[in-house]
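Structure first, commentary second.
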There are 2 protein chains.
Amino acid sequence: MIRVVLAEDQGMVRGALATLLNLEDDIEVVGEAADGDEALAVAVRTRPDVALLDIEMPGKDGITTAASLREALPDCRIVILTTFGRPGYLRRAMEAGASAFLVKDSPAQELAAAIRRVLAGERVIDPALAAAALSAGPNPLSPRERDVLAASADGSTIGDVAVRLHLSEGTVRNYLSSAIRKTSARNRIEAVQTAQRQGWL
Amino acid sequence: MIRVVLAEDQGMVRGALATLLNLEDDIEVVGEAADGDEALAVAVRTRPDVALLDIEMPGKDGITTAASLREALPDCRIVILTTFGRPGYLRRAMEAGASAFLVKDSPAQELAAAIRRVLAGERVIDPALAAAALSAGPNPLSPRERDVLAASADGSTIGDVAVRLHLSEGTVRNYLSSAIRKTSARNRIEAVQTAQRQGWL
DNA sequence: GACCGGGGATGACAAATGTCATCGTGAAGC
DNA sequence: GCTTCACGATGACATTTGTCATCCCCGGTC
């Protein structure tokens, strides 16, 4: 039996996926979690063969959880499941030690198939997505530019961001300006959207 | 047997939910769709007892689909399923003739339960969400304010919006200004976010 | 030692944004 | 008939945002 831990914040989706997997006669869901921290705790307790992690979760996201899990349980394979096939997500997931990267758009059968392939030592990545991630190149933003852009994403004014990050307003403007240039955007809103679409935040 | 049509754009979620429902011995999924138009076509063909519609779908969204379905098949009950429990969504879903409004956060068992209750003539709404929708009041934005705000949501400049909506730049600024005031926001970005959170766009 | 890149800051300037008063139109509503 | 309100527009004005040049400090690295 392949022992699986499933982390997904939406209860209905989590329940449905668990049912789906339990119907496979070589797969058994031995633990469920609604956020990253819970997933880590459950995995350490149940020592599964595979951890299925959603990226978009409150608190600790799936990619960060993957990195922690890699340290705690090096033998546990990690399958990342996400709504958004963003190039930066894929890149970071791979760096965090994931063995597979699935988008929820794909058919339901692929989930069990991916789990089996991962356990057989394969890596499972949508070829189109892999190509997109490679052609998009790495995140061009410096860490600080990324911070400032992320802090601007919620509609905060430059003054707000300056206070929150303990910077001068001029510095915030400078970082935003270079982030806008690097994302080929026309203003900060477009810059935020491009960065999010690429998975750079 | 309760005959159900399921519309949900994410293949993996759709498959899992269909499996979940088919396990119930009084429920049968007789059709699946990945967007609103497809859902309508499938429903007209299969004449189900209940249509389960996701709101967030490409093309025709679940609420619009509900309204069309209400006309085409007045006897078909409608269950709305959504990721976001936004007050405006609930309000519009009810106006479109939905019998139930479920958020994906809730446990998986509630789905089948809601379908049975709806078929028994009940309406199913999370009480907390209903209270939020009532206390939030109706959408304060005028139709045109809503248009302009929606057109600004993707980072377009005022000039872009003016061209797209065939308005003068000054008019766009005026509508944005009043939308900002009505949403108690400090700038257009906050206004967009508030409006989206409330389900006003 | 010279050079570069990232972080942080300042000042000046242009462009975009937000606010306000004001005007005109037409459709409802009392 | 009068009022109200959404729609559309103009002009003036203050504020915010975006750009650029320039400076300092520091840690690498050639």
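Starting from 1 in every chain, residues are counted up; chains themselves are A, B, ... following the order of the structure tokens, and ligands are numbered from 1 as listed.
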Restrict the distance test to only C-alpha atoms, flag each residue of chain B within 7 Å of chain A, and return the flagged residues as a short mmCIF file (atom, residue, chain, number, x, y, z; two decimals) with N, CA, C and O atoms, in the first residue's frame.
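Saved as iface03.cif:
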data_model
loop_
_atom_site.label_atom_id
_atom_site.label_comp_id
_atom_site.auth_asym_id
_atom_site.auth_seq_id
_atom_site.Cartn_x
_atom_site.Cartn_y
_atom_site.Cartn_z
N GLN B 10 -11.93 23.12 -12.97
CA GLN B 10 -10.71 22.39 -12.66
C GLN B 10 -10.97 20.89 -12.74
O GLN B 10 -11.68 20.31 -11.93
N GLY B 11 -10.34 20.26 -13.72
CA GLY B 11 -10.60 18.86 -14.02
C GLY B 11 -10.45 17.94 -12.82
O GLY B 11 -11.26 17.03 -12.61
N MET B 12 -9.40 18.18 -12.04
CA MET B 12 -9.14 17.28 -10.93
C MET B 12 -10.23 17.39 -9.87
O MET B 12 -10.69 16.38 -9.34
N VAL B 13 -10.66 18.61 -9.61
CA VAL B 13 -11.71 18.83 -8.63
C VAL B 13 -13.03 18.28 -9.16
O VAL B 13 -13.78 17.62 -8.43
N GLY B 15 -13.51 15.86 -11.31
CA GLY B 15 -13.47 14.40 -11.26
C GLY B 15 -13.67 13.88 -9.85
O GLY B 15 -14.43 12.93 -9.62
N ALA B 16 -13.01 14.52 -8.91
CA ALA B 16 -13.10 14.05 -7.53
C ALA B 16 -14.50 14.24 -6.98
O ALA B 16 -15.04 13.35 -6.31
N LEU B 17 -15.11 15.37 -7.28
CA LEU B 17 -16.47 15.61 -6.79
C LEU B 17 -17.45 14.64 -7.42
O LEU B 17 -18.37 14.13 -6.75
N THR B 19 -16.84 11.62 -8.48
CA THR B 19 -16.63 10.33 -7.83
C THR B 19 -17.32 10.29 -6.48
O THR B 19 -18.02 9.34 -6.12
N LEU B 20 -17.12 11.37 -5.74
CA LEU B 20 -17.71 11.48 -4.41
C LEU B 20 -19.23 11.33 -4.47
O LEU B 20 -19.83 10.59 -3.68
N LYS B 104 -16.44 26.02 -0.77
CA LYS B 104 -15.63 24.81 -0.84
C LYS B 104 -14.87 24.54 0.44
O LYS B 104 -14.26 23.48 0.60
N ASP B 105 -14.86 25.52 1.34
CA ASP B 105 -14.20 25.33 2.63
C ASP B 105 -14.91 24.28 3.49
O ASP B 105 -14.28 23.62 4.30
N SER B 106 -16.21 24.18 3.33
CA SER B 106 -16.97 23.30 4.22
C SER B 106 -16.67 21.83 3.92
O SER B 106 -16.16 21.50 2.86
N PRO B 107 -16.98 20.95 4.87
CA PRO B 107 -16.65 19.53 4.73
C PRO B 107 -17.34 18.89 3.54
O PRO B 107 -18.41 19.34 3.11
N ALA B 108 -16.74 17.84 3.02
CA ALA B 108 -17.22 17.20 1.80
C ALA B 108 -18.61 16.58 1.95
O ALA B 108 -19.38 16.56 0.99
N ASP B 154 -7.25 45.51 -13.97
CA ASP B 154 -6.09 44.80 -14.49
C ASP B 154 -4.86 45.69 -14.61
O ASP B 154 -3.89 45.32 -15.27
N GLY B 155 -4.88 46.86 -13.99
CA GLY B 155 -3.71 47.73 -14.04
C GLY B 155 -3.73 48.70 -15.20
O GLY B 155 -2.77 49.42 -15.43
N ILE B 189 -6.62 51.01 -6.27
CA ILE B 189 -6.25 49.61 -6.01
C ILE B 189 -7.03 49.07 -4.81
O ILE B 189 -7.60 47.98 -4.87
N GLU B 190 -7.09 49.85 -3.76
CA GLU B 190 -7.87 49.41 -2.60
C GLU B 190 -9.34 49.29 -2.97
O GLU B 190 -10.04 48.38 -2.51
#
### Task
Return the neighbours of chain D among the residues of chain B, cut-off 9 Å, counting only C-alpha atoms (C1' of nucleotides), as a PyMOL selection string.
chain B and resi 142-144+167-168+170-171
### Task
Give the alpha helix (DSSP H) residues of segment 20-143 of chain A, as DSSP finds them on the backbone, and put them as a ChimeraX atom specification.
/A:20-23,36-46,62-72,87-95,109-119,127-136,143
What lies within 10 Å of Val118 of chain B using only C-alpha atoms (C1' of nucleotides), ignoring chain neighbours under 4 positions off, as a compact mmCIF listing (two decimals) with C-alpha atoms, in the first residue's frame?
# COMPACT_ATOMS: atom_id res chain seq x y z
CA ASP B 49 -32.88 17.29 -11.02
CA VAL B 50 -30.03 19.40 -9.73
CA ARG B 77 -32.76 23.06 -8.71
CA ILE B 78 -29.52 24.99 -8.63
CA VAL B 79 -26.71 24.56 -6.15
CA ALA B 98 -30.23 29.36 -6.72
CA SER B 99 -31.55 27.07 -4.00
CA ALA B 100 -28.25 26.52 -2.21
CA ALA B 112 -24.53 15.43 -0.86
CA ALA B 113 -26.54 16.61 2.14
CA ALA B 114 -27.23 19.95 0.46
CA GLU B 122 -35.24 23.52 1.38
CA ARG B 123 -32.79 26.33 0.80
CA VAL B 124 -29.25 25.77 2.03
### Task
Define the interface residues of chain C facing chain A as those within 12 Å, counting only C-alpha atoms (C1' of nucleotides), and report them as a count of residues only.
10
### Task
Rounded to one decimal place, report the atom C1' of DG29 of chain C-atom CA of Arg91 of chain B distance in Å.
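Distance reported for this atom pair: 26.3 Å.
The residues of segment 11-181 of chain A that DSSP classifies as strand (DSSP E), using the backbone of this structure, are Ile27, Glu28, Val29, Val30, Gly31, Glu32, Ala33, Val50, Ala51, Leu52, Leu53, Asp54, Arg77, Ile78, Val79, Ile80, Leu81, Thr82, Ala100, Phe101, Leu102, Val103, Val124 and Ile125 of chain A.
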Okay, now the selection with N, CA and C atoms, as an mmCIF file, in the first residue's frame?
data_model
loop_
_atom_site.group_PDB
_atom_site.id
_atom_site.type_symbol
_atom_site.label_atom_id
_atom_site.label_comp_id
_atom_site.auth_asym_id
_atom_site.auth_seq_id
_atom_site.Cartn_x
_atom_site.Cartn_y
_atom_site.Cartn_z
ATOM 1 N N ILE A 27 -3.548 2.513 -2.887
ATOM 2 C CA ILE A 27 -3.274 3.799 -2.238
ATOM 3 C C ILE A 27 -4.155 3.960 -1.003
ATOM 4 N N GLU A 28 -3.556 4.537 0.039
ATOM 5 C CA GLU A 28 -4.285 4.722 1.285
ATOM 6 C C GLU A 28 -3.953 6.113 1.839
ATOM 7 N N VAL A 29 -4.962 6.922 2.072
ATOM 8 C CA VAL A 29 -4.736 8.238 2.669
ATOM 9 C C VAL A 29 -4.636 8.058 4.181
ATOM 10 N N VAL A 30 -3.456 8.268 4.735
ATOM 11 C CA VAL A 30 -3.256 8.010 6.165
ATOM 12 C C VAL A 30 -3.319 9.274 7.001
ATOM 13 N N GLY A 31 -3.428 10.436 6.331
ATOM 14 C CA GLY A 31 -3.521 11.661 7.109
ATOM 15 C C GLY A 31 -3.984 12.811 6.237
ATOM 16 N N GLU A 32 -4.711 13.751 6.838
ATOM 17 C CA GLU A 32 -5.163 14.929 6.104
ATOM 18 C C GLU A 32 -4.813 16.168 6.901
ATOM 19 N N ALA A 33 -4.603 17.287 6.186
ATOM 20 C CA ALA A 33 -4.269 18.535 6.872
ATOM 21 C C ALA A 33 -4.828 19.703 6.082
ATOM 22 N N VAL A 50 4.271 9.304 0.445
ATOM 23 C CA VAL A 50 4.085 10.475 -0.409
ATOM 24 C C VAL A 50 3.298 11.553 0.336
ATOM 25 N N ALA A 51 3.750 12.805 0.194
ATOM 26 C CA ALA A 51 2.971 13.927 0.719
ATOM 27 C C ALA A 51 2.432 14.721 -0.462
ATOM 28 N N LEU A 52 1.133 14.918 -0.461
ATOM 29 C CA LEU A 52 0.465 15.649 -1.533
ATOM 30 C C LEU A 52 0.151 17.033 -0.985
ATOM 31 N N LEU A 53 0.817 18.059 -1.511
ATOM 32 C CA LEU A 53 0.713 19.389 -0.923
ATOM 33 C C LEU A 53 0.137 20.402 -1.893
ATOM 34 N N ASP A 54 -0.926 21.053 -1.466
ATOM 35 C CA ASP A 54 -1.460 22.187 -2.216
ATOM 36 C C ASP A 54 -0.543 23.384 -1.955
ATOM 37 N N ARG A 77 8.391 11.201 -0.606
ATOM 38 C CA ARG A 77 8.280 11.902 -1.890
ATOM 39 C C ARG A 77 7.249 13.007 -1.774
ATOM 40 N N ILE A 78 7.467 14.074 -2.540
ATOM 41 C CA ILE A 78 6.556 15.209 -2.451
ATOM 42 C C ILE A 78 5.900 15.481 -3.797
ATOM 43 N N VAL A 79 4.589 15.535 -3.778
ATOM 44 C CA VAL A 79 3.819 15.911 -4.968
ATOM 45 C C VAL A 79 3.154 17.250 -4.693
ATOM 46 N N ILE A 80 3.445 18.229 -5.533
ATOM 47 C CA ILE A 80 2.842 19.555 -5.384
ATOM 48 C C ILE A 80 1.605 19.637 -6.276
ATOM 49 N N LEU A 81 0.538 20.150 -5.684
ATOM 50 C CA LEU A 81 -0.729 20.270 -6.408
ATOM 51 C C LEU A 81 -1.136 21.730 -6.328
ATOM 52 N N THR A 82 -1.444 22.344 -7.469
ATOM 53 C CA THR A 82 -1.746 23.763 -7.410
ATOM 54 C C THR A 82 -2.795 24.182 -8.426
ATOM 55 N N ALA A 100 7.003 15.859 -8.079
ATOM 56 C CA ALA A 100 5.979 16.052 -9.102
ATOM 57 C C ALA A 100 5.298 17.392 -8.909
ATOM 58 N N PHE A 101 4.788 17.921 -9.999
ATOM 59 C CA PHE A 101 4.110 19.213 -9.980
ATOM 60 C C PHE A 101 2.867 19.101 -10.845
ATOM 61 N N LEU A 102 1.702 19.096 -10.206
ATOM 62 C CA LEU A 102 0.448 18.921 -10.935
ATOM 63 C C LEU A 102 -0.423 20.151 -10.813
ATOM 64 N N VAL A 103 -1.114 20.508 -11.885
ATOM 65 C CA VAL A 103 -2.102 21.573 -11.806
ATOM 66 C C VAL A 103 -3.496 20.951 -11.739
ATOM 67 N N VAL A 124 7.389 13.926 -12.263
ATOM 68 C CA VAL A 124 6.210 14.170 -13.096
ATOM 69 C C VAL A 124 5.960 15.669 -13.227
ATOM 70 N N ILE A 125 6.153 16.169 -14.442
ATOM 71 C CA ILE A 125 5.933 17.592 -14.706
ATOM 72 C C ILE A 125 5.293 17.741 -16.070
#
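When atom CA of Tyr89 of chain A is paired with atom CA of Ala136 of chain A, their separation reads 12.0 Å.
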